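Chemist: I am attaching a structure below and will ask some questions about it afterwards.
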Amino acid sequence: MELSITVIIIAATSIISFIAFSNHKVLDQFIFYPPAVRRGQWYRFFSCGLIHADWGHLLFNMIALYMFGEIVEAQFVGVFGATGKLVYLAMYVLALAASVIPTYINNKDNYHYRSLGGSRAVSAVIFAGILFHPLVGIGLFFIPVYIAGFLFGALYLLVSGWLDKKGG
């Protein structure tokens with residue numbers, strides 16, 4: 001049985017985040033830091049999505065990615081065949097990098113700005129899933145309440161925005 005790209009992304013992100021929780025050198029090397037990007041460390045456009053601020057941040061993103069990622073990945077395989085998994089991975093990685101471009105432009109000279117987390121790439125997966133299946137029932141984490149995917153997407157944006165404003 002072949003592992004899904006979604007599970008691989010979740011495993012890699014979880015392992016690297018776990019390491020970064022207790023290793024500030026790893027955190028510093030992966031975090032999105034615009035002045036470092038200006039010095040040629042372009043990998044930070046991607047690496048920042050592999051680290052998270054804390055367990056809550058990591059769990060919130062990985063559960064949301066799992067709920068929608070499997071749907072989107074299956075849809076991509078249905079449309080693109082065997083290469084659908086690679087197209088899905090490319091969408092995730094490109095969404096992560098593209099979503100950080102405005103942040104880079106606004107903060108390229110800000111030596112105090114740092115950013116981490118995969119919320120932007122996870123958002124791309126969530127909204128691709130909603131585009132494919134807007135009424136899919138999604139369980140709200142461990143609560144036995146199911147809501148339509150498009151409502152979950154709105155809640156995800158609200159919670160992500162609130163956490164971003166409070167510095168989470």
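Letters for chains follow the order of the structure tokens (A, B, ...), residue numbers begin at 1 for each chain, and ligand numbers begin at 1 in the order shown.
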Which residues of region 100-168 of chain A sit at most 10 Å from region 72-75 of chain A, using only C-alpha atoms? Give each one's shortest atom pair and distance in Å (one decimal place), in chain and ascending residue order, as CSV.
Modeler:
```
residue,atom,partner,partner_atom,distance
A:Val125,CA,A:Val72,CA,6.8
A:Ile126,CA,A:Val72,CA,8.3
A:Phe127,CA,A:Val72,CA,9.4
A:Ala128,CA,A:Val72,CA,6.6
A:Gly129,CA,A:Val72,CA,5.2
A:Ile130,CA,A:Val72,CA,9.0
A:Leu131,CA,A:Val72,CA,9.5
A:Phe132,CA,A:Val72,CA,7.6
A:His133,CA,A:Val72,CA,9.2
```
Chemist: Just write the chosen residues, N, CA, C and O atoms, as an mmCIF file, in the first residue's frame.
Modeler:
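Below is the file part.cif, written as the result:
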```cif
data_model
loop_
_atom_site.group_PDB
_atom_site.id
_atom_site.type_symbol
_atom_site.label_atom_id
_atom_site.label_comp_id
_atom_site.auth_asym_id
_atom_site.auth_seq_id
_atom_site.Cartn_x
_atom_site.Cartn_y
_atom_site.Cartn_z
ATOM 1 N N VAL A 125 -5.020 23.884 0.443
ATOM 2 C CA VAL A 125 -5.586 22.533 0.367
ATOM 3 C C VAL A 125 -7.046 22.551 0.804
ATOM 4 O O VAL A 125 -7.908 21.954 0.150
ATOM 5 N N ILE A 126 -7.345 23.249 1.888
ATOM 6 C CA ILE A 126 -8.727 23.334 2.371
ATOM 7 C C ILE A 126 -9.639 23.902 1.291
ATOM 8 O O ILE A 126 -10.694 23.338 0.988
ATOM 9 N N PHE A 127 -9.222 24.997 0.683
ATOM 10 C CA PHE A 127 -10.104 25.637 -0.284
ATOM 11 C C PHE A 127 -10.142 24.904 -1.620
ATOM 12 O O PHE A 127 -11.152 24.966 -2.322
ATOM 13 N N ALA A 128 -9.093 24.146 -1.952
ATOM 14 C CA ALA A 128 -9.181 23.254 -3.116
ATOM 15 C C ALA A 128 -10.206 22.160 -2.827
ATOM 16 O O ALA A 128 -11.027 21.830 -3.685
ATOM 17 N N GLY A 129 -10.178 21.619 -1.603
ATOM 18 C CA GLY A 129 -11.164 20.610 -1.215
ATOM 19 C C GLY A 129 -12.585 21.146 -1.251
ATOM 20 O O GLY A 129 -13.508 20.467 -1.703
ATOM 21 N N ILE A 130 -12.749 22.367 -0.779
ATOM 22 C CA ILE A 130 -14.075 22.995 -0.792
ATOM 23 C C ILE A 130 -14.535 23.235 -2.229
ATOM 24 O O ILE A 130 -15.713 23.049 -2.552
ATOM 25 N N LEU A 131 -13.603 23.612 -3.094
ATOM 26 C CA LEU A 131 -13.935 23.815 -4.511
ATOM 27 C C LEU A 131 -14.428 22.513 -5.135
ATOM 28 O O LEU A 131 -15.425 22.504 -5.855
ATOM 29 N N PHE A 132 -13.746 21.408 -4.826
ATOM 30 C CA PHE A 132 -14.138 20.110 -5.385
ATOM 31 C C PHE A 132 -15.423 19.575 -4.763
ATOM 32 O O PHE A 132 -16.258 18.990 -5.442
ATOM 33 N N HIS A 133 -15.580 19.738 -3.436
ATOM 34 C CA HIS A 133 -16.716 19.168 -2.711
ATOM 35 C C HIS A 133 -17.192 20.142 -1.625
ATOM 36 O O HIS A 133 -16.898 19.951 -0.442
#
```
Chemist: Give the strand (DSSP E or B) residues of region 22-139 of chain A, as DSSP finds them on the backbone, and put them as a compact mmCIF listing (two decimals) with N, CA, C and O atoms, in the first residue's frame.
Modeler:
```txt
# COMPACT_ATOMS: atom_id res chain seq x y z
N PHE A 32 11.02 31.74 8.46
CA PHE A 32 11.05 32.73 7.38
C PHE A 32 11.55 34.05 7.95
O PHE A 32 10.92 34.66 8.81
N SER A 115 8.51 34.54 10.57
CA SER A 115 7.24 33.88 10.34
C SER A 115 7.46 32.38 10.22
O SER A 115 8.48 31.94 9.69
N GLY A 137 -19.02 16.72 4.47
CA GLY A 137 -19.14 16.85 5.92
C GLY A 137 -17.80 16.70 6.60
O GLY A 137 -17.08 15.74 6.36
N ILE A 138 -17.47 17.65 7.44
CA ILE A 138 -16.20 17.64 8.15
C ILE A 138 -16.49 17.61 9.65
O ILE A 138 -17.27 18.42 10.15
N GLY A 139 -15.86 16.67 10.36
CA GLY A 139 -16.01 16.62 11.81
C GLY A 139 -15.16 17.70 12.45
O GLY A 139 -14.03 17.93 12.06
```
Chemist: Please indicate the distance in Å from CA of Val136 (chain A) to CA of Leu94 (chain A), rounded to one decimal place.
Modeler: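 These atoms are spaced 25.1 Å apart.
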Chemist: Given only C-alpha atoms, how would the per-residue table for region 39-127 of chain A near region 16-27 of chain A read, listing every residue at most 10 Å away with its closest atom pair and distance in Å to one decimal, sorted by chain and number, as a Markdown table?
Modeler:
```
| residue | atom | partner | partner_atom | distance |
| --- | --- | --- | --- | --- |
| A:Ser47 | CA | A:Ile16 | CA | 9.7 |
| A:Cys48 | CA | A:Leu27 | CA | 8.8 |
| A:Gly49 | CA | A:Ser17 | CA | 9.3 |
| A:Leu50 | CA | A:Ile16 | CA | 6.2 |
| A:Ile51 | CA | A:Ser17 | CA | 4.4 |
| A:His52 | CA | A:Ser17 | CA | 5.6 |
| A:Ala53 | CA | A:Phe21 | CA | 7.6 |
| A:Asp54 | CA | A:Phe21 | CA | 7.0 |
| A:Trp55 | CA | A:Phe18 | CA | 8.4 |
| A:Leu58 | CA | A:Ser17 | CA | 7.6 |
| A:Leu116 | CA | A:Leu27 | CA | 9.0 |
| A:Gly117 | CA | A:Ser17 | CA | 9.1 |
```
Chemist: What is the CA of Met62 (chain A)-CA of Leu96 (chain A) distance in Å, reported with one decimal?
Modeler: 14.5 Å
